[in-house]
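S.K.: Here it is, the structure, as structure tokens.
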Amino acid sequence: MKALRRWWWLGLLAVPLVLGLARLRFDVDVLNLLPGDLPAVRGLKLHQEYFADEGELIITVKAPDPDSAEAAAEQLAVALRAATNRVERVMWRPPWLDHPEDTADFLAWLWLNQPPAAWRELTERLSPEHLPAHLDAARERLGTSLSPIELARLGFDPLGLTSFPEGLDAVGGGGLSGAEDRFASADGCFRLVLVKPHADRTGFLQASVWLEEVQGTVDRCAGSPGWPGDVRVAYTGKPAFLAEAAGGMQRDMQSSVLGTLAVIAALFWLAHRRWGPLLGLLAMLQVVLLLTLALGGLFHGTINLVSFGFAAILLGLSVDYGLVLYQDLAAAGAPAVVEVRRRNARAISGSAVTTAAAFALLNFGGLPGLGQLGTLVAMGVLVAAGTMMYGFLPLAARGCAVSRPANREREANGGPLPLSNLSGRAASGRGWPHSRMWALAPTGVLLLVGGWMVLTRLPPVDHGTQSLSPRHSQAEPALREISRQFGRGEEPLLVLVSGRDEAAVHRRLEALATRLQTAQAAAAIASFELPLALWPNPDWQRANLPQAQALAGQREAVRAALRVAGFAAEGGALADRVFARWAAATDPTGVIWPADASSRWLTERVAARTPEGWLALGTVQPAPDLAPGTLPADMDGVLVCGWQLLGEELLGRVEARMTWLIAGVGGALLGCLWLTFGRWTDVALAVVALAFGCGLLLATMAALGWSWNLMNLTALPLLLGAGVDYAIHVQLSLRRHGNDLAAVRRTTGRALLLCAGTTIAAFGSLAFSSNAGLASLGQVCAVGVAAALVSALYLLPAWRYAAQGNSIDLHGDRNTDSPRGRRRVPKPERL
């Protein structure tokens with residue numbers, strides 16, 4: 001019962017832990033990392049959510065000849081259609097070629113959307129007075145034409161129902177005539193197979209499994225006896241990218257966490273060779289990670305692609321507190337747990353608060369994905385500080401090597417440790433001034449060399465979106481191959497036209513078409529496509545429907561005219577089906593849309609119903625030197641977006657906020673440093689150390705040819721928060737040891753070396769991430785932490801000596817380093 005009263009808080013802690021882990025979900029959509037109020041992001045999200053082709057897996061088939069490509073694509077379609085538990089739909093050619101009866105439905109609907117002038121021409125052509133002459137002309141063309149396409153068309157459509165006066169491609173849009181171009185290249189050697197998964201196979205966890213099942217079906221089909229030779233198959237589309245992202249997240253999580261833990265264990269063992277504290281440290285790190293995941297589930301619910309990197313970063317930062325505590329504990333002895341906690345609480349608390357504040361300020365950096373990463377690390381750092389002081393420290397004390405009694409007795413009496421326990425030149429009696437010159441000289445050299453490199457080779461800023469892409473993707477090259485084979489050149493921009501109803505969208509499409517035609521005539525854009533030919537016009541439908549039903553009533557007269565003109569029954573089959581659709585249509589209270597599957601497949605690519613109304617999709621092929629004001633971004637209800645526009649918009653957002661973010665981090669750090677040190681001299685020294693570390697980072701980036709991008713720009717506030725730890729620990733340790741540098745390096749310095757090694761390993765593990773931006777962030781942070789360590793541990797004490805004059809003692813005569821005028825020990829003479 002006593003034990004229950006003592007540990008009742010663990011039960012309360014388990015409740016939010018279980019709730020948080022139960023709410024935890026994972027998201028691999030890159031667009032969810034970005035600010036949703038940007039037009040490019042908003043447009044790409046709408047396109048991804050509402051248009052059918054976004055959810056399809058694209059299988060590319062490349063063969064040496066058209067017949068082999070067609071045969072391979074057809075075999076894949078047949079094999080995949082048989083997997084009804086995995087696949088909802090498979091398309092390898094226009095659907096009306098498999099279902100020719102749907103052509104009549106589509107033609108009947110297209111005619112209802114033609115302008116009234118076109119209907120007057122059609123009615124006149126099919127009138128009893130003019131129909132015989134039209135059929136005689138069609139029969140004559142059948143006998144004289146040399147075009148296979150015209151011969152085939154006149155054979156099944158002598159009435160000309162497939163010919164539109166306005167032209168189906170007059171203002172882009174495509175239609176029946178251009179549908180074949182969606183599946184085969186111009187030479188026919190490259191074909192596409194579109195596979196739509198079942199709705200229950202599109203989630204984060206199911207994506208990789210579903211793609212592996214599809215690939216297994218394709219592999220079995222490729223191994224069958226009838227498979228053409230020398231056919232290459234590749235996969236792209238959203239399911240392929242989703243599967244790659246999901247697999248990359250799992251690999252990144254495993255490799256970064258396991259790799260960081262392995263480095264931590266190796267460094268701790270090399271430094272202390274104690275199994276008990278090592279196992280306790282690893283256990284506490286797992287507790288910190290688990291608690292942070294639970295907090296993330298409670299506050300966010302869903303963790304995104306970039307936030308997965310928080311685990312390695314958190315492990316590298318959390319272990320710092322454990323290493324500092326254990327190093328001090330090993331020097332003081334196992335019985336001094338309370339004393340070790342008391343004298344390190346200020347440094348660890350100040351370090352945790354400043355680091356958490358820096359990471360939390362990432363929420364104001366303009367990228368929600370990195371903001372979530374910052375929140376998770378900030379919560380984890382605070383959790384780690386308490387866990388290490390109250391969880392790890394008592395565990396470590398049980399297996400800690402006790403200092404020799406003589407040393408503990410001398411420290412308890414206020415005396416210094418013997419020089420035999422100190423390290424480096426300081427312990428040899430050569431004195432601090434020699435060490436000071438050794439430190440100040442490299443400061444000048446680094447300033448000169450680094451300043452020259454930064455001024456002459458300042459790292460450039462990458463304006464593209466490559467940092468958001470996967471690094472080793474197989475789907476990305478397949479997508480580029482599609483653009484090359486179909487002659488699309490540069491990726492077109494997407495144009496989304498919205499309206500509360502179909503009529504409003506149609507009016508905006510007409511206005512947009514006029515403006516884009518003007519821009520194309522001025523060579524401001526290369527080309528454009530708008531779905532005007534496929535978008536219903538309610539006014540035209542209401543005007544045309546009575547005429548359509550009147551023509552449907554003349555069905556028998558038309559059949560008789562065809563027989564008299566000598567056409568077979570097959571020649572009137574298409575007209576019969578079209579007339580039947582018109583006869584079945586009623587006076588619409590709303591808008592008529594095609595009902596057959598083939599027509600829906602086509603219209604779903606350019607039209608979508610949303611909760612707010614309707615969306616139409618078009619494309620614009622930009623000119624090489626596209627001017628910013630060329631695109632119709634100022635038109636009401638028109639949204640222009642594309643990945644090529646996203647980079648500039650995001651960079652503008654990040655750069656605009658980066659100045660304020662760094663200023664906010666700097667202000668927070670100054671406040672925390674003042675609360676930690678209590679005097680401006682130490683605050684100024686810490687700021688100088690941080691600035692010098694940032695200069696070293698810039699010089700290293702210039703030397704290695706690295707550039708800034710959307711992701712690694714946020715490394716600057718991160719490094720300000722993480723790098724200040726070292727300055728805090730070094731200066732407080734100098735105070736605690738009476739400015740005895742050798743004692744500082746033997747205790748805090750040794751711990752900071754281990755801390756820096758683990759932190760660099762944590763950030764460095766991100767360099768192998770499957771996400772290019774996260775990898776660049778890890779590289780920059782790893783170099784930045786190393787620069788901060790060099791600045792704080794090896795250069796800051798020399799600067800402190802220069803700033804405080806004769807307050808440094810390396811021979812064991814302690815001073816209190818008090819700001820209130822306590823006794824200072826004269827600095828030793830140079831030997």
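In the structure tokens, chains take letters A, B, ... by order of appearance, with residues numbered from 1 within each chain and ligands from 1 in the order shown.
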Which residues, written as a ChimeraX atom specification, have at least one atom at most 9 Å from Ser765 (chain A), with only C-alpha atoms counted and residues fewer than 6 positions away on the same chain left out?
M.R.: /A:252,255-257,259-260,312,775,778-779
S.K.: Take the selection from the previous step and output its residues with all heavy atoms, as a compact mmCIF listing (two decimals), in the first residue's frame.
M.R.:
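Output file out_22.txt is given in full below:
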# COMPACT_ATOMS: atom_id res chain seq x y z
N ASP A 252 13.85 5.70 -42.61
CA ASP A 252 14.49 6.84 -41.94
C ASP A 252 14.35 6.71 -40.43
O ASP A 252 15.30 6.97 -39.68
CB ASP A 252 13.88 8.15 -42.41
CG ASP A 252 14.19 8.45 -43.87
OD1 ASP A 252 15.06 7.76 -44.43
OD2 ASP A 252 13.55 9.35 -44.44
N SER A 255 16.63 3.71 -39.26
CA SER A 255 18.07 3.93 -39.39
C SER A 255 18.55 5.09 -38.53
O SER A 255 19.60 4.99 -37.89
CB SER A 255 18.41 4.20 -40.86
OG SER A 255 17.75 5.36 -41.32
N SER A 256 17.78 6.19 -38.49
CA SER A 256 18.23 7.34 -37.72
C SER A 256 18.22 7.05 -36.23
O SER A 256 19.17 7.36 -35.50
CB SER A 256 17.38 8.57 -38.04
OG SER A 256 16.03 8.33 -37.70
N VAL A 257 17.12 6.44 -35.74
CA VAL A 257 17.02 6.16 -34.30
C VAL A 257 18.04 5.10 -33.88
O VAL A 257 18.79 5.28 -32.91
CB VAL A 257 15.58 5.72 -33.94
CG1 VAL A 257 15.52 5.23 -32.51
CG2 VAL A 257 14.62 6.88 -34.13
N GLY A 259 20.73 4.14 -35.49
CA GLY A 259 22.09 4.65 -35.68
C GLY A 259 22.51 5.60 -34.59
O GLY A 259 23.63 5.53 -34.08
N THR A 260 21.61 6.50 -34.20
CA THR A 260 21.94 7.45 -33.14
C THR A 260 22.14 6.73 -31.81
O THR A 260 23.08 7.05 -31.06
CB THR A 260 20.81 8.49 -33.01
OG1 THR A 260 20.62 9.14 -34.27
CG2 THR A 260 21.16 9.53 -31.96
N ALA A 312 15.56 11.39 -34.11
CA ALA A 312 17.02 11.43 -34.06
C ALA A 312 17.51 12.71 -33.41
O ALA A 312 18.45 12.69 -32.59
CB ALA A 312 17.60 11.28 -35.47
N ALA A 775 17.42 15.88 -45.42
CA ALA A 775 18.84 15.52 -45.49
C ALA A 775 19.72 16.77 -45.45
O ALA A 775 20.73 16.81 -44.73
CB ALA A 775 19.12 14.71 -46.75
N GLY A 778 19.79 18.15 -41.96
CA GLY A 778 20.68 17.40 -41.09
C GLY A 778 22.14 17.73 -41.33
O GLY A 778 22.92 17.87 -40.37
N GLN A 779 22.55 17.89 -42.59
CA GLN A 779 23.94 18.22 -42.89
C GLN A 779 24.32 19.58 -42.31
O GLN A 779 25.36 19.71 -41.66
CB GLN A 779 24.13 18.23 -44.41
CG GLN A 779 24.03 16.87 -45.07
CD GLN A 779 24.02 16.96 -46.58
OE1 GLN A 779 23.80 18.04 -47.14
NE2 GLN A 779 24.24 15.85 -47.24
S.K.: Which one of A:Glu244, A:Asp740, A:Asp29, A:Glu88 sits closest to Ser770 (chain A) if you count only C-alpha atoms?
M.R.: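 Checking each of A:Glu244, A:Asp740, A:Asp29, A:Glu88 against Ser770 (chain A), counting only C-alpha atoms, the winner is A:Glu244.
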S.K.: Can you list every residue of region 221-333 of chain A that has an atom at most 10 Å from region 469-485 of chain A, with its nearest atom pair and the distance in Å to one decimal, using only C-alpha atoms, ordered by chain then number, as a tab-separated table?
M.R.:
residue	atom	partner	partner_atom	distance
A:Val233	CA	A:Ala478	CA	9.4
A:Ala234	CA	A:Ala478	CA	6.2
A:Tyr235	CA	A:Ala475	CA	5.8
A:Thr236	CA	A:Ala475	CA	4.3
A:Gly237	CA	A:Ala475	CA	7.1
A:Lys238	CA	A:Ala475	CA	9.0
A:Pro239	CA	A:Ala475	CA	9.6
A:Ala240	CA	A:Ala475	CA	6.2
A:Phe241	CA	A:Ala475	CA	6.3
A:Leu242	CA	A:Ala475	CA	9.9
A:Ala243	CA	A:Ala475	CA	9.9
A:Glu244	CA	A:Ser473	CA	7.1
A:Ala245	CA	A:Pro470	CA	7.5
A:Gly248	CA	A:Pro470	CA	8.6
S.K.: List every residue of region 19-73 of chain A that has an atom at most 12 Å from any atom of region 208-218 of chain A, giving for each one its closest atom pair and the distance in Å to one decimal, counting only C-alpha atoms, sorted by chain and then by ascending residue number, as JSON lines.
M.R.:
{"residue": "A:Glu56", "atom": "CA", "partner": "A:Leu211", "partner_atom": "CA", "distance": 11.5}
{"residue": "A:Leu57", "atom": "CA", "partner": "A:Leu211", "partner_atom": "CA", "distance": 8.8}
{"residue": "A:Ile58", "atom": "CA", "partner": "A:Leu211", "partner_atom": "CA", "distance": 11.2}
{"residue": "A:Ile59", "atom": "CA", "partner": "A:Val218", "partner_atom": "CA", "distance": 9.6}
{"residue": "A:Thr60", "atom": "CA", "partner": "A:Val218", "partner_atom": "CA", "distance": 11.5}
{"residue": "A:Val61", "atom": "CA", "partner": "A:Val218", "partner_atom": "CA", "distance": 11.0}
{"residue": "A:Ala72", "atom": "CA", "partner": "A:Val218", "partner_atom": "CA", "distance": 10.1}
{"residue": "A:Ala73", "atom": "CA", "partner": "A:Val218", "partner_atom": "CA", "distance": 10.4}
S.K.: Write the residues of the preceding selection, restricted to N, CA, C and O atoms, as an mmCIF file, in the first residue's frame.
M.R.:
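Final file, result.cif:
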data_model
loop_
_atom_site.group_PDB
_atom_site.id
_atom_site.type_symbol
_atom_site.label_atom_id
_atom_site.label_comp_id
_atom_site.auth_asym_id
_atom_site.auth_seq_id
_atom_site.Cartn_x
_atom_site.Cartn_y
_atom_site.Cartn_z
ATOM 1 N N GLU A 56 -4.494 7.630 -59.391
ATOM 2 C CA GLU A 56 -4.215 6.460 -60.213
ATOM 3 C C GLU A 56 -2.732 6.135 -60.228
ATOM 4 O O GLU A 56 -1.885 7.029 -60.277
ATOM 5 N N LEU A 57 -2.448 4.864 -60.207
ATOM 6 C CA LEU A 57 -1.093 4.384 -60.442
ATOM 7 C C LEU A 57 -0.859 4.339 -61.944
ATOM 8 O O LEU A 57 -1.681 3.812 -62.703
ATOM 9 N N ILE A 58 0.253 4.905 -62.395
ATOM 10 C CA ILE A 58 0.594 4.919 -63.817
ATOM 11 C C ILE A 58 1.712 3.913 -64.055
ATOM 12 O O ILE A 58 2.800 4.049 -63.494
ATOM 13 N N ILE A 59 1.419 2.911 -64.861
ATOM 14 C CA ILE A 59 2.422 1.922 -65.259
ATOM 15 C C ILE A 59 2.861 2.263 -66.674
ATOM 16 O O ILE A 59 2.036 2.308 -67.594
ATOM 17 N N THR A 60 4.142 2.513 -66.857
ATOM 18 C CA THR A 60 4.658 2.828 -68.187
ATOM 19 C C THR A 60 5.210 1.558 -68.825
ATOM 20 O O THR A 60 5.881 0.757 -68.169
ATOM 21 N N VAL A 61 4.914 1.396 -70.112
ATOM 22 C CA VAL A 61 5.363 0.233 -70.886
ATOM 23 C C VAL A 61 6.144 0.754 -72.077
ATOM 24 O O VAL A 61 5.593 1.487 -72.914
ATOM 25 N N ALA A 72 1.846 -5.816 -74.709
ATOM 26 C CA ALA A 72 2.232 -5.850 -73.292
ATOM 27 C C ALA A 72 1.233 -5.066 -72.441
ATOM 28 O O ALA A 72 0.834 -5.512 -71.359
ATOM 29 N N ALA A 73 0.811 -3.883 -72.917
ATOM 30 C CA ALA A 73 -0.147 -3.088 -72.155
ATOM 31 C C ALA A 73 -1.474 -3.822 -72.016
ATOM 32 O O ALA A 73 -2.086 -3.820 -70.927
#
S.K.: As an exercise, work out the distance from CA of Thr103 (chain A) to CA of Ala595 (chain A) in Å and give it to one decimal place.
M.R.: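 Computed distance, CA of Thr103 (chain A) to CA of Ala595 (chain A), equals 11.6 Å.
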S.K.: Compile a residue-level contact table for region 730-777 of chain A against region 320-342 of chain A at a cut-off of 8 Å, reporting for every qualifying residue the shortest atom pair and its distance in Å to one decimal, with only C-alpha atoms counted, rows ordered by chain and ascending number, as JSON lines.
M.R.:
{"residue": "A:Thr747", "atom": "CA", "partner": "A:Gln327", "partner_atom": "CA", "distance": 5.9}
{"residue": "A:Thr748", "atom": "CA", "partner": "A:Val324", "partner_atom": "CA", "distance": 6.4}
{"residue": "A:Arg750", "atom": "CA", "partner": "A:Gln327", "partner_atom": "CA", "distance": 7.7}
{"residue": "A:Ala751", "atom": "CA", "partner": "A:Val324", "partner_atom": "CA", "distance": 5.2}
{"residue": "A:Leu752", "atom": "CA", "partner": "A:Val324", "partner_atom": "CA", "distance": 7.1}
{"residue": "A:Leu754", "atom": "CA", "partner": "A:Leu323", "partner_atom": "CA", "distance": 7.2}
{"residue": "A:Cys755", "atom": "CA", "partner": "A:Asp320", "partner_atom": "CA", "distance": 4.7}
{"residue": "A:Ala756", "atom": "CA", "partner": "A:Asp320", "partner_atom": "CA", "distance": 7.9}
{"residue": "A:Thr758", "atom": "CA", "partner": "A:Asp320", "partner_atom": "CA", "distance": 7.9}
{"residue": "A:Thr759", "atom": "CA", "partner": "A:Asp320", "partner_atom": "CA", "distance": 8.0}
S.K.: Restricting it to C-alpha atoms, dump the selection as a CSV table (one decimal), in the first residue's frame.
M.R.:
chain,number,residue,atom,x,y,z
A,747,THR,CA,34.3,17.3,-16.2
A,748,THR,CA,32.0,19.4,-18.3
A,750,ARG,CA,34.6,15.8,-21.5
A,751,ALA,CA,30.8,15.5,-21.2
A,752,LEU,CA,30.3,18.2,-23.9
A,754,LEU,CA,30.3,13.3,-25.8
A,755,CYS,CA,27.2,15.5,-26.1
A,756,ALA,CA,28.4,17.0,-29.3
A,758,THR,CA,25.9,12.3,-30.1
A,759,THR,CA,24.2,15.5,-31.4
S.K.: Which is closer to Met389 (chain A) than all the others in A:Val724, A:Ala347, A:Val654, A:Val195, using only C-alpha atoms?
M.R.: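 Distance minimum relative to Met389 (chain A) lands on A:Ala347.
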S.K.: Could you pull out the alpha helix (DSSP H) residues of region 81-193 of chain A, going by DSSP on the backbone, and write them as number ranges by chain?
M.R.: A: 81, 95-98, 101-112, 116-125, 131-144, 148-156
S.K.: Could the residues in this selection be saved with N, CA and C atoms as a compact mmCIF listing (two decimals), in the first residue's frame?
M.R.:
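The resulting part38.txt:
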# COMPACT_ATOMS: atom_id res chain seq x y z
N ARG A 81 -7.02 -6.50 -64.07
CA ARG A 81 -8.47 -6.49 -63.90
C ARG A 81 -8.97 -7.73 -63.18
N PRO A 95 -11.76 4.30 -73.01
CA PRO A 95 -12.75 3.31 -72.59
C PRO A 95 -13.79 3.00 -73.64
N TRP A 96 -14.11 3.97 -74.54
CA TRP A 96 -15.14 3.69 -75.53
C TRP A 96 -14.66 2.73 -76.62
N LEU A 97 -13.35 2.46 -76.69
CA LEU A 97 -12.89 1.42 -77.60
C LEU A 97 -13.25 0.03 -77.07
N ASP A 98 -13.33 -0.10 -75.75
CA ASP A 98 -13.80 -1.35 -75.14
C ASP A 98 -15.32 -1.37 -75.03
N GLU A 101 -20.60 1.32 -77.30
CA GLU A 101 -21.94 1.85 -77.12
C GLU A 101 -21.95 3.15 -76.32
N ASP A 102 -20.90 3.37 -75.53
CA ASP A 102 -20.84 4.61 -74.76
C ASP A 102 -20.55 5.82 -75.63
N THR A 103 -20.05 5.59 -76.83
CA THR A 103 -19.75 6.72 -77.71
C THR A 103 -21.00 7.51 -78.02
N ALA A 104 -22.12 6.82 -78.22
CA ALA A 104 -23.38 7.52 -78.52
C ALA A 104 -23.82 8.40 -77.36
N ASP A 105 -23.66 7.93 -76.13
CA ASP A 105 -24.02 8.75 -74.97
C ASP A 105 -23.19 10.02 -74.93
N PHE A 106 -21.92 9.87 -75.19
CA PHE A 106 -21.04 11.03 -75.12
C PHE A 106 -21.35 12.03 -76.23
N LEU A 107 -21.60 11.52 -77.46
CA LEU A 107 -21.94 12.41 -78.57
C LEU A 107 -23.27 13.13 -78.32
N ALA A 108 -24.25 12.41 -77.80
CA ALA A 108 -25.54 13.04 -77.52
C ALA A 108 -25.38 14.17 -76.51
N TRP A 109 -24.57 13.95 -75.48
CA TRP A 109 -24.35 14.98 -74.47
C TRP A 109 -23.56 16.15 -75.04
N LEU A 110 -22.53 15.87 -75.87
CA LEU A 110 -21.75 16.96 -76.47
C LEU A 110 -22.62 17.84 -77.36
N TRP A 111 -23.54 17.26 -78.12
CA TRP A 111 -24.39 18.05 -78.98
C TRP A 111 -25.32 18.95 -78.18
N LEU A 112 -25.77 18.49 -77.04
CA LEU A 112 -26.61 19.35 -76.20
C LEU A 112 -25.86 20.57 -75.70
N PRO A 116 -26.43 27.36 -80.10
CA PRO A 116 -27.64 27.23 -80.93
C PRO A 116 -27.37 27.30 -82.43
N ALA A 117 -26.34 28.04 -82.84
CA ALA A 117 -26.03 28.13 -84.27
C ALA A 117 -25.64 26.76 -84.82
N ALA A 118 -24.91 25.98 -84.04
CA ALA A 118 -24.55 24.64 -84.49
C ALA A 118 -25.77 23.76 -84.63
N TRP A 119 -26.75 23.95 -83.77
CA TRP A 119 -27.97 23.15 -83.87
C TRP A 119 -28.81 23.55 -85.08
N ARG A 120 -28.79 24.81 -85.41
CA ARG A 120 -29.51 25.21 -86.62
C ARG A 120 -28.90 24.54 -87.85
N GLU A 121 -27.57 24.46 -87.87
CA GLU A 121 -26.90 23.82 -89.00
C GLU A 121 -27.20 22.32 -89.04
N LEU A 122 -27.20 21.65 -87.86
CA LEU A 122 -27.49 20.22 -87.79
C LEU A 122 -28.95 19.94 -88.19
N THR A 123 -29.88 20.75 -87.68
CA THR A 123 -31.29 20.54 -88.02
C THR A 123 -31.54 20.70 -89.52
N GLU A 124 -30.86 21.68 -90.09
CA GLU A 124 -31.03 21.90 -91.53
C GLU A 124 -30.43 20.74 -92.33
N ARG A 125 -29.28 20.22 -91.88
CA ARG A 125 -28.63 19.12 -92.59
C ARG A 125 -29.49 17.86 -92.57
N LEU A 131 -31.37 16.13 -96.33
CA LEU A 131 -30.71 14.89 -95.94
C LEU A 131 -30.29 14.03 -97.14
N PRO A 132 -31.12 13.85 -98.19
CA PRO A 132 -30.69 13.02 -99.33
C PRO A 132 -29.41 13.55 -99.98
N ALA A 133 -29.32 14.85 -100.16
CA ALA A 133 -28.11 15.42 -100.78
C ALA A 133 -26.89 15.19 -99.90
N HIS A 134 -27.06 15.33 -98.60
CA HIS A 134 -25.93 15.09 -97.68
C HIS A 134 -25.46 13.64 -97.74
N LEU A 135 -26.40 12.69 -97.82
CA LEU A 135 -26.02 11.28 -97.88
C LEU A 135 -25.37 10.93 -99.21
N ASP A 136 -25.82 11.55 -100.30
CA ASP A 136 -25.17 11.32 -101.59
C ASP A 136 -23.72 11.80 -101.56
N ALA A 137 -23.49 12.96 -100.92
CA ALA A 137 -22.12 13.48 -100.82
C ALA A 137 -21.26 12.56 -99.96
N ALA A 138 -21.83 12.01 -98.90
CA ALA A 138 -21.08 11.08 -98.04
C ALA A 138 -20.72 9.81 -98.79
N ARG A 139 -21.68 9.29 -99.61
CA ARG A 139 -21.39 8.09 -100.37
C ARG A 139 -20.30 8.34 -101.43
N GLU A 140 -20.30 9.53 -101.99
CA GLU A 140 -19.27 9.85 -102.98
C GLU A 140 -17.90 9.93 -102.34
N ARG A 141 -17.82 10.53 -101.13
CA ARG A 141 -16.52 10.61 -100.44
C ARG A 141 -16.02 9.22 -100.07
N LEU A 142 -16.94 8.31 -99.77
CA LEU A 142 -16.53 6.94 -99.47
C LEU A 142 -15.84 6.30 -100.68
N GLY A 143 -16.26 6.67 -101.85
CA GLY A 143 -15.68 6.06 -103.04
C GLY A 143 -14.42 6.74 -103.51
N THR A 144 -14.15 7.95 -103.07
CA THR A 144 -12.99 8.70 -103.58
C THR A 144 -11.92 9.00 -102.54
N PRO A 148 -7.79 6.58 -94.48
CA PRO A 148 -8.42 5.48 -93.73
C PRO A 148 -9.32 5.98 -92.60
N ILE A 149 -8.91 7.08 -91.98
CA ILE A 149 -9.71 7.61 -90.87
C ILE A 149 -11.06 8.11 -91.37
N GLU A 150 -11.05 8.84 -92.50
CA GLU A 150 -12.31 9.35 -93.04
C GLU A 150 -13.20 8.21 -93.53
N LEU A 151 -12.60 7.19 -94.14
CA LEU A 151 -13.38 6.05 -94.60
C LEU A 151 -14.05 5.34 -93.44
N ALA A 152 -13.31 5.14 -92.36
CA ALA A 152 -13.90 4.48 -91.19
C ALA A 152 -15.01 5.32 -90.59
N ARG A 153 -14.79 6.64 -90.52
CA ARG A 153 -15.81 7.50 -89.91
C ARG A 153 -17.09 7.55 -90.74
N LEU A 154 -16.95 7.69 -92.04
CA LEU A 154 -18.14 7.74 -92.90
C LEU A 154 -18.88 6.42 -92.91
N GLY A 155 -18.17 5.32 -92.67
CA GLY A 155 -18.84 4.03 -92.67
C GLY A 155 -19.80 3.86 -91.52
N PHE A 156 -19.46 4.36 -90.33
CA PHE A 156 -20.39 4.19 -89.21
C PHE A 156 -21.10 5.49 -88.84
S.K.: Between A:Ala686, A:Ala787, A:Val87, A:Val505, which residue has the minimum interatomic distance to Cys672 (chain A), considering only C-alpha atoms?
M.R.: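 Closest candidate: A:Ala686.
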S.K.: By how many Å are CA of Arg89 (chain A) and CA of Phe486 (chain A) apart?
M.R.: 23.2 Å
S.K.: Any idea what's packed within 12 Å of Ala511 (chain A), counting only C-alpha atoms, ignoring anything in its chain fewer than 2 positions away? Could you give it as a ChimeraX atom specification?
M.R.: /A:171,497,504-509,513-518,530,532,632,635-638
S.K.: Can you work out which one of A:Gly613, A:Gly296, A:Pro94, A:Pro228 has the shortest atom-to-atom distance to Leu21 (chain A), counting only C-alpha atoms?
M.R.: A:Gly296
S.K.: Hey, which of A:Gly705, A:Gly316, A:Gly642, A:Gly571 ends up closest to Pro158 (chain A)? Count only C-alpha atoms.
M.R.: A:Gly571
S.K.: Could you check how far CA of Leu719 (chain A) sits from CA of Gly297 (chain A), in Å to one decimal?
M.R.: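 Taking CA of Leu719 (chain A) and CA of Gly297 (chain A), their separation equals 26.3 Å.
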S.K.: Of the residues A:Val461, A:Val640, A:Ala523, A:Leu551, which is the one nearest to His47 (chain A), using only C-alpha atoms?
M.R.: A:Val640
